[in-house]
Structure formats: structure tokens, C-alpha cells
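Visitor: Input: one structure, supplied below.
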Amino acid sequence: MKTFMKPLNAFIIVISMISLFSCSNDDDVLILPPEPTTQELLANKWYLEKRVNTSTTPPTTHEANDCEKNTYFDFNNDGIIIAESFGLNGGNCESLSLESGTYSLNNNEDQIIITDSGSTQIVNILTLSSTELVISFNTTEIHFMR
């Protein structure tokens, strides 16, 4: 009987070890946050980097100077947009205009509909990420960064 118990004990220990190491730990499961929506990516301030005139061949690019880089679009979560443009005036960097209006996204979320003082402008979203926004209207692309 003694010789039978030793292999049985060894077998039970091996099965117990295998069972112990094959158990999964739910703590190891990586839960990723959901992808941000277009509205969430758009929210907050976007600063001007450059403008591209696509009607010329090749397209003409105007890189924003240090003053113009203060120009921004600020998309608030409540549908309000604030836009301020900056430029040089006699060598001094000054705010040239400050405007506010409302905005919404179309059903496909690939266009921004901006209403300001009774006029409406529709701009196409070409690129939208957490750090880059490129919009276009008519023959102009406007590149913004966060």
C-alpha cells in the first residue's frame, strides 16, 4: 500500500500545480477606454499652423508666423465656438478680431456647421486627431495644432 500512495500523492501534487498555474487572473485583463467621439476630439482650443491654397498648382502654403500662431478656434462642449485671429500691426502682435458663434457637426461628423451673426459656413473636416485638425472650405485648407 505504501508504494501505491507515493505515486498517487505525486500525481495529486502535479495536478494541483497545473491547476494553480492555469488559472487566469482577471486583474491581468487590459480594459481600454472607448475611442473618443468626434465631438470630444474637436473640443478645446486649436491653434493655427498654416493655410494652404489648393487652387494653385502646386498648392501654395503659408506657414503661420509666431504672431499668427496665436490665432485659435475654441470649440466648447456646449456648441459655442470662439475664434480669435492675430496679426502684426506696425511690428506688434495684436488681436485682429474676436468672434463667437455656434457650431454643430453634420450627421456623418465630417463637416462643422458654424453659425455667426446670422450667416452659416460649412467646413469639411479633413483630419481630426487629439493633436491635429485640418479643415477646408472653398479652396483653402487650414491646419491647426493643439
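Just remember, in the C-alpha cells the first chain shown is A, the second B, etc., residues are 1-based per chain, and ligands are 1-based in the order shown.
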Could you name the residues that touch A:Lys69 at 10 Å or less, counting only C-alpha atoms, but leaving out those on the same chain fewer than 6 positions away, as a PyMOL selection string?

Guide: chain A and resi 46-50+63+85-87+144-145

Visitor: Tell me, which residues of stretch 1-145 of chain A carry DSSP alpha helix (DSSP H), written as a list in words?

Guide: Lys2, Thr3, Phe4, Met5, Lys6, Pro7, Leu8, Asn9, Ala10, Phe11, Ile12, Ile13, Val14, Ile15, Ser16, Met17, Ile18, Ser19, Leu20, Phe21, Ser22, Thr38, Gln39, Glu40, Leu41 and Leu42 of chain A

Visitor: Would you save the residues of that selection, restricted to N, CA, C and O atoms, as a short mmCIF file (atom, residue, chain, number, x, y, z; two decimals), in the first residue's frame?

Guide:
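Written file, selection.cif:
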```
data_model
loop_
_atom_site.label_atom_id
_atom_site.label_comp_id
_atom_site.auth_asym_id
_atom_site.auth_seq_id
_atom_site.Cartn_x
_atom_site.Cartn_y
_atom_site.Cartn_z
N LYS A 2 2.01 1.12 0.65
CA LYS A 2 2.91 2.24 0.77
C LYS A 2 3.42 2.68 -0.60
O LYS A 2 3.51 3.87 -0.87
N THR A 3 3.73 1.77 -1.47
CA THR A 3 4.25 2.11 -2.78
C THR A 3 3.17 2.70 -3.68
O THR A 3 3.47 3.50 -4.55
N PHE A 4 1.92 2.34 -3.45
CA PHE A 4 0.82 2.89 -4.24
C PHE A 4 0.54 4.34 -3.87
O PHE A 4 0.21 5.16 -4.71
N MET A 5 0.70 4.72 -2.63
CA MET A 5 0.38 6.06 -2.15
C MET A 5 1.40 7.09 -2.66
O MET A 5 1.03 8.22 -2.92
N LYS A 6 2.66 6.71 -2.79
CA LYS A 6 3.66 7.67 -3.25
C LYS A 6 3.35 8.16 -4.67
O LYS A 6 3.34 9.36 -4.90
N PRO A 7 3.08 7.29 -5.65
CA PRO A 7 2.74 7.78 -6.97
C PRO A 7 1.44 8.57 -6.98
O PRO A 7 1.30 9.55 -7.69
N LEU A 8 0.46 8.15 -6.15
CA LEU A 8 -0.81 8.86 -6.08
C LEU A 8 -0.60 10.26 -5.51
O LEU A 8 -1.14 11.24 -6.04
N ASN A 9 0.20 10.40 -4.46
CA ASN A 9 0.50 11.71 -3.88
C ASN A 9 1.23 12.60 -4.89
O ASN A 9 0.92 13.79 -5.01
N ALA A 10 2.17 12.02 -5.60
CA ALA A 10 2.90 12.78 -6.60
C ALA A 10 1.96 13.24 -7.71
O ALA A 10 2.03 14.39 -8.18
N PHE A 11 1.03 12.34 -8.12
CA PHE A 11 0.06 12.69 -9.16
C PHE A 11 -0.84 13.84 -8.70
O PHE A 11 -1.10 14.79 -9.44
N ILE A 12 -1.31 13.79 -7.48
CA ILE A 12 -2.18 14.83 -6.93
C ILE A 12 -1.43 16.16 -6.85
O ILE A 12 -1.97 17.22 -7.19
N ILE A 13 -0.18 16.14 -6.47
CA ILE A 13 0.62 17.37 -6.39
C ILE A 13 0.81 17.96 -7.78
O ILE A 13 0.66 19.17 -7.99
N VAL A 14 1.10 17.14 -8.78
CA VAL A 14 1.30 17.63 -10.16
C VAL A 14 0.01 18.23 -10.69
O VAL A 14 0.01 19.32 -11.27
N ILE A 15 -1.13 17.56 -10.48
CA ILE A 15 -2.42 18.08 -10.95
C ILE A 15 -2.74 19.39 -10.25
O ILE A 15 -3.21 20.35 -10.87
N SER A 16 -2.46 19.47 -8.96
CA SER A 16 -2.71 20.72 -8.21
C SER A 16 -1.86 21.86 -8.74
O SER A 16 -2.33 22.99 -8.89
N MET A 17 -0.61 21.59 -9.07
CA MET A 17 0.29 22.62 -9.59
C MET A 17 -0.20 23.10 -10.96
O MET A 17 -0.23 24.29 -11.24
N ILE A 18 -0.61 22.16 -11.82
CA ILE A 18 -1.09 22.53 -13.15
C ILE A 18 -2.36 23.38 -13.02
O ILE A 18 -2.52 24.40 -13.69
N SER A 19 -3.24 22.98 -12.13
CA SER A 19 -4.48 23.73 -11.93
C SER A 19 -4.19 25.13 -11.42
O SER A 19 -4.83 26.10 -11.83
N LEU A 20 -3.24 25.22 -10.53
CA LEU A 20 -2.90 26.52 -9.94
C LEU A 20 -2.34 27.47 -10.99
O LEU A 20 -2.74 28.62 -11.08
N PHE A 21 -1.45 26.99 -11.86
CA PHE A 21 -0.83 27.86 -12.85
C PHE A 21 -1.71 28.11 -14.08
O PHE A 21 -1.47 29.04 -14.83
N SER A 22 -2.72 27.31 -14.30
CA SER A 22 -3.57 27.53 -15.46
C SER A 22 -4.73 28.47 -15.17
O SER A 22 -5.45 28.86 -16.07
N THR A 38 -16.00 62.27 -32.21
CA THR A 38 -15.58 63.44 -32.98
C THR A 38 -15.75 64.70 -32.14
O THR A 38 -14.86 65.56 -32.10
N GLN A 39 -16.86 64.80 -31.44
CA GLN A 39 -17.12 65.96 -30.58
C GLN A 39 -16.05 66.08 -29.49
O GLN A 39 -15.55 67.18 -29.22
N GLU A 40 -15.67 64.98 -28.88
CA GLU A 40 -14.65 65.01 -27.83
C GLU A 40 -13.29 65.40 -28.40
O GLU A 40 -12.54 66.14 -27.76
N LEU A 41 -12.96 64.90 -29.58
CA LEU A 41 -11.68 65.27 -30.20
C LEU A 41 -11.66 66.74 -30.59
O LEU A 41 -10.63 67.40 -30.48
N LEU A 42 -12.78 67.25 -31.03
CA LEU A 42 -12.86 68.63 -31.51
C LEU A 42 -12.81 69.65 -30.36
O LEU A 42 -12.26 70.73 -30.53
#
```

Visitor: Quick one: DSSP strand (DSSP E) residues in stretch 9-130 of chain A, as a PyMOL selection string?

Guide: chain A and resi 44-53+60-63+72-75+80-89+92-105+111-116+119-128

Visitor: Go ahead and write the residues just picked, C-alpha atoms, as a compact mmCIF listing (two decimals), in the first residue's frame.

Guide:
```
# COMPACT_ATOMS: atom_id res chain seq x y z
CA ASN A 44 -10.99 72.85 -26.80
CA LYS A 45 -8.56 75.24 -28.47
CA TRP A 46 -6.88 74.68 -31.80
CA TYR A 47 -4.01 76.99 -32.83
CA LEU A 48 -3.22 77.98 -36.40
CA GLU A 49 -0.18 76.32 -38.02
CA LYS A 50 -0.63 77.03 -41.73
CA ARG A 51 -3.03 77.78 -44.55
CA VAL A 52 -2.89 76.04 -47.92
CA ASN A 53 -4.42 77.45 -51.10
CA THR A 60 0.55 77.49 -52.05
CA THR A 61 1.36 77.11 -48.37
CA HIS A 62 1.53 79.98 -45.89
CA GLU A 63 3.20 78.93 -42.64
CA TYR A 72 -7.27 79.93 -32.49
CA PHE A 73 -10.65 78.24 -32.74
CA ASP A 74 -12.06 77.22 -29.36
CA PHE A 75 -14.82 74.62 -29.66
CA ILE A 80 -20.21 77.60 -28.74
CA ILE A 81 -17.19 78.45 -30.87
CA ILE A 82 -14.86 81.35 -30.17
CA ALA A 83 -12.40 82.42 -32.86
CA GLU A 84 -9.66 84.98 -32.40
CA SER A 85 -7.18 85.96 -35.09
CA PHE A 86 -3.83 87.63 -34.54
CA GLY A 87 -1.52 89.51 -36.88
CA LEU A 88 1.28 92.04 -36.95
CA ASN A 89 0.33 95.71 -36.85
CA ASN A 92 3.34 94.50 -32.87
CA CYS A 93 1.37 91.30 -32.50
CA GLU A 94 -2.28 92.23 -31.97
CA SER A 95 -5.67 90.62 -31.88
CA LEU A 96 -7.33 91.47 -35.18
CA SER A 97 -10.77 90.03 -34.42
CA LEU A 98 -12.63 88.10 -31.76
CA GLU A 99 -15.85 86.41 -32.79
CA SER A 100 -18.20 83.87 -31.31
CA GLY A 101 -20.97 81.76 -32.71
CA THR A 102 -22.40 78.30 -32.54
CA TYR A 103 -21.32 75.10 -34.21
CA SER A 104 -22.60 71.60 -34.75
CA LEU A 105 -21.50 68.51 -36.63
CA GLN A 111 -18.39 68.68 -41.51
CA ILE A 112 -18.65 71.50 -38.98
CA ILE A 113 -21.58 73.86 -39.41
CA ILE A 114 -20.66 77.27 -37.97
CA THR A 115 -23.27 80.00 -37.49
CA ASP A 116 -22.11 83.52 -36.68
CA SER A 119 -24.56 83.59 -41.54
CA THR A 120 -23.70 79.92 -41.80
CA GLN A 121 -20.44 78.40 -43.01
CA ILE A 122 -19.88 74.70 -43.59
CA VAL A 123 -16.30 73.45 -43.36
CA ASN A 124 -15.07 69.96 -44.14
CA ILE A 125 -13.03 68.02 -41.59
CA LEU A 126 -10.08 66.51 -43.46
CA THR A 127 -8.08 65.37 -40.42
CA LEU A 128 -9.00 65.18 -36.75
```

Visitor: Give me, please, the distance in Å between atom CA of A:Ser130 and atom CA of A:Arg146, quoted to one decimal.

Guide: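 Separation of atom CA of A:Ser130 and atom CA of A:Arg146: 7.8 Å.
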
Visitor: Separation of atom CA of A:Ile135 and atom CA of A:Asn65, in Å?

Guide: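 Between these atoms lies a distance of 19.2 Å.
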
Visitor: Could you tell me which of A:Ala43, A:Asn108, A:Ser129, A:Glu35 comes closest to A:Asp78 if we count only C-alpha atoms?

Guide: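 The answer is A:Ala43, which sits nearest to A:Asp78.
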
Visitor: Separation of atom CA of A:Thr56 and atom CA of A:Leu133, in Å?

Guide: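 Pair atom CA of A:Thr56 / atom CA of A:Leu133 returns 22.0 Å.
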
Visitor: Ranking A:Gly90, A:Pro59, A:Asn70, A:Thr37 by minimum distance to A:Thr140 and counting only C-alpha atoms, which one comes first?

Guide: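 Of A:Gly90, A:Pro59, A:Asn70, A:Thr37, the one nearest A:Thr140, counting only C-alpha atoms, is A:Pro59.
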